[in-house]
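Just below is one structure, and these are the notes that go with it.
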Amino acid sequence: MKEIRENARKLMKGFCRVCPVCDGLACRGEVPGMGGLGTGNAFTINLEKLASIHLNMRLIHSVSDPDTSTTFFGTRFALPIFAAPIGGVSFNMGGKISEEEYIDAIISGCKARNIMGCTGDGVPEFIHLTGFNAIKKSAGHGIPFIKPWEDQELYEKLDAAKETGTSIVGMDIDAAGLITLRKMGRPVSPKPLEKLTEIVKKSGLRFILKGIMTPDEALMAIDAGVDGIVVSNHGGRVFDCTPATAQVLPDIAAVTREKTTLLVDGGIRNGSDILKMLALGADGVMIGRPFSIAAIGGLQNGVEKYISILKEELKQAMVLTGTGSITEIGPRLLF
């Protein structure tokens, strides 16, 4: 993995420094690029607040080989992890590999390790097209995320998403404030409840909504018929005044429990971070920038190695907290 990161640092020079800890400090305000918008606070606070949470260490137990597998949307996966939807290699990551190479590495690497990868959307068109093609090549093993475009483009992309063979589609409604898209003349916008309900129904697939940061909007999303919610501030790339996802997650989990699948992203870097988010109430996590670094630096091999490391780290954290399976994770783990 060290060699993969070193290679990524060379290929992403000027776009991402591949810091020892991806905390958003060195890349504040670098959008396009891998940084957070403006002050970068919404990126860095995700890391800071997650790091401030501690776990109770327990070692008088019989757990030595915990079960990290779990079920999402009717399918059993090896880990409660999704590779978050990120695209735009050419303008965010240096462009030293192609968009096709990048997203194929994400989708194929995740499939090989029995987790689910997601694809992104944006401008130019090849971002979503290469994502859709990667999912097709993997026989539908991937989740295409579509931005909250205006009706014609949105519905055309939803129809195209069905043709990939996937059973799940997502919308990153947290992209509604992306400055870069507005500058390109391709506006995205928030969606009122009535419109969101219509979109979910017309999709004809299981539907995940990414970008929920308050309990009331979580309940509204459930009313709209979504099958899953992602607590996310878009990695700090749309609004630099938000709280951390780890801060808002418990209150959202309290109102959504057993009503929908609850995922979260934001600053998750290792197995202990995954365990913390699950203890705070999430069913699973999405990880973004570290997967991008692994894919740029090592293509599918890099993605697979990163997933293997996450699995070992998660198992170690579960052993050290006396947790035998994902279903046993809860608030008792939190100090």
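Naming scheme: A, B, ... for chains in displayed order of the structure tokens; residues 1 onward per chain; ligands 1 onward as shown.
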Among range 242-310 of chain A, which residues carry a DSSP assignment of alpha helix (DSSP H), reported as an MDAnalysis selection string? chainID A and resid 245:256 271:279 289:310
Sort by chain and increasing residue number a table of all residues of range 31-52 of chain A within 9 Å of range 216-240 of chain A, each with its closest pair of atoms and their distance in Å to one decimal, counting only C-alpha atoms, and write it as a tab-separated table.
```
residue	atom	partner	partner_atom	distance
A:Val31	CA	A:Arg237	CA	7.4
A:Met34	CA	A:Arg237	CA	8.7
A:Gly35	CA	A:Arg237	CA	7.1
A:Gly36	CA	A:Arg237	CA	4.6
A:Leu37	CA	A:Arg237	CA	4.7
A:Gly38	CA	A:Asp240	CA	6.3
A:Thr39	CA	A:Asp240	CA	6.5
A:Gly40	CA	A:Asp240	CA	6.0
A:Asn41	CA	A:Asp240	CA	5.4
A:Ala42	CA	A:Gly236	CA	4.3
A:Phe43	CA	A:Gly236	CA	4.3
A:Thr44	CA	A:Gly236	CA	8.0
A:Ile45	CA	A:Gly236	CA	8.8
A:Asn46	CA	A:Gly235	CA	8.1
```
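The spacing separating CA of Leu310 in chain A from CA of Gly271 in chain A amounts to 5.2 Å.
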With 10 Å as the cut-off and only C-alpha atoms counted, what is the closest atom pair between each nearby residue of range 281-329 of chain A and range 241-257 of chain A? Distances in Å to one decimal, ordered by chain and number, as a tab-separated table.
```
residue	atom	partner	partner_atom	distance
A:Gly281	CA	A:Ala253	CA	5.2
A:Ala282	CA	A:Ala253	CA	6.8
A:Asp283	CA	A:Ala253	CA	9.3
```
Selected residue of minimal separation from Glu6 in chain A among A:Ile296, A:Ile146, A:Val264, A:Met171, counting only C-alpha atoms: A:Ile296
All residues 7 Å or closer to Ser325 in chain A, only C-alpha atoms, same chain fewer than 2 positions away omitted, as a PyMOL selection string: chain A and resi 66-68+323+327-328
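When CA of Met277 in chain A is paired with CA of Arg289 in chain A, their separation reads 17.2 Å.
What separates CA of Gly288 in chain A from CA of Asn270 in chain A is a distance of 12.0 Å.
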Could you pull out the residues in range 57-94 of chain A that DSSP calls strand (DSSP E) from the backbone, as a compact mmCIF listing (two decimals) with C-alpha atoms, in the first residue's frame?
```txt
# COMPACT_ATOMS: atom_id res chain seq x y z
CA THR A 70 -23.64 -7.74 6.72
CA THR A 71 -26.68 -7.48 4.46
CA PHE A 72 -27.71 -4.45 2.41
CA THR A 75 -27.53 -8.99 -0.57
CA ARG A 76 -24.83 -10.24 1.80
CA PHE A 77 -21.54 -8.34 1.65
CA ILE A 81 -18.47 -0.45 3.33
CA PHE A 82 -19.31 1.26 0.03
CA ALA A 83 -16.86 3.11 -2.21
```
Mind checking which residues fall within 12 Å of Lys2 in chain A, counting only C-alpha atoms, ignoring those fewer than 3 positions away in the same chain, and posting them as a PDB file with C-alpha atoms, in the first residue's frame?
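And here's around-v8.pdb as it stands now:
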```pdb
ATOM      1  CA  ARG A   5       0.305   5.741  -2.257  1.00  0.00           C
ATOM      2  CA  GLU A   6       3.709   6.881  -3.518  1.00  0.00           C
ATOM      3  CA  ASN A   7       2.628   6.256  -7.098  1.00  0.00           C
ATOM      4  CA  ALA A   8      -0.627   8.144  -6.477  1.00  0.00           C
ATOM      5  CA  ARG A   9       1.358  11.081  -5.096  1.00  0.00           C
ATOM      6  CA  VAL A  18      -1.685  12.171  -0.687  1.00  0.00           C
ATOM      7  CA  CYS A  19      -0.986  13.320   2.857  1.00  0.00           C
ATOM      8  CA  PRO A  20      -0.202  10.745   5.582  1.00  0.00           C
ATOM      9  CA  ILE A 293      -6.032   7.464  -4.043  1.00  0.00           C
ATOM     10  CA  ALA A 294      -5.928   3.659  -4.049  1.00  0.00           C
ATOM     11  CA  GLY A 297      -2.030   4.624  -7.408  1.00  0.00           C
ATOM     12  CA  GLY A 298      -2.721   0.968  -8.049  1.00  0.00           C
ATOM     13  CA  GLY A 302      -4.811  -0.797  -5.185  1.00  0.00           C
ATOM     14  CA  LYS A 305      -5.456  -3.909  -1.119  1.00  0.00           C
ATOM     15  CA  TYR A 306      -7.160  -0.944   0.527  1.00  0.00           C
ATOM     16  CA  ILE A 309      -6.545  -3.331   5.015  1.00  0.00           C
TER      17      ILE A 309
END
```
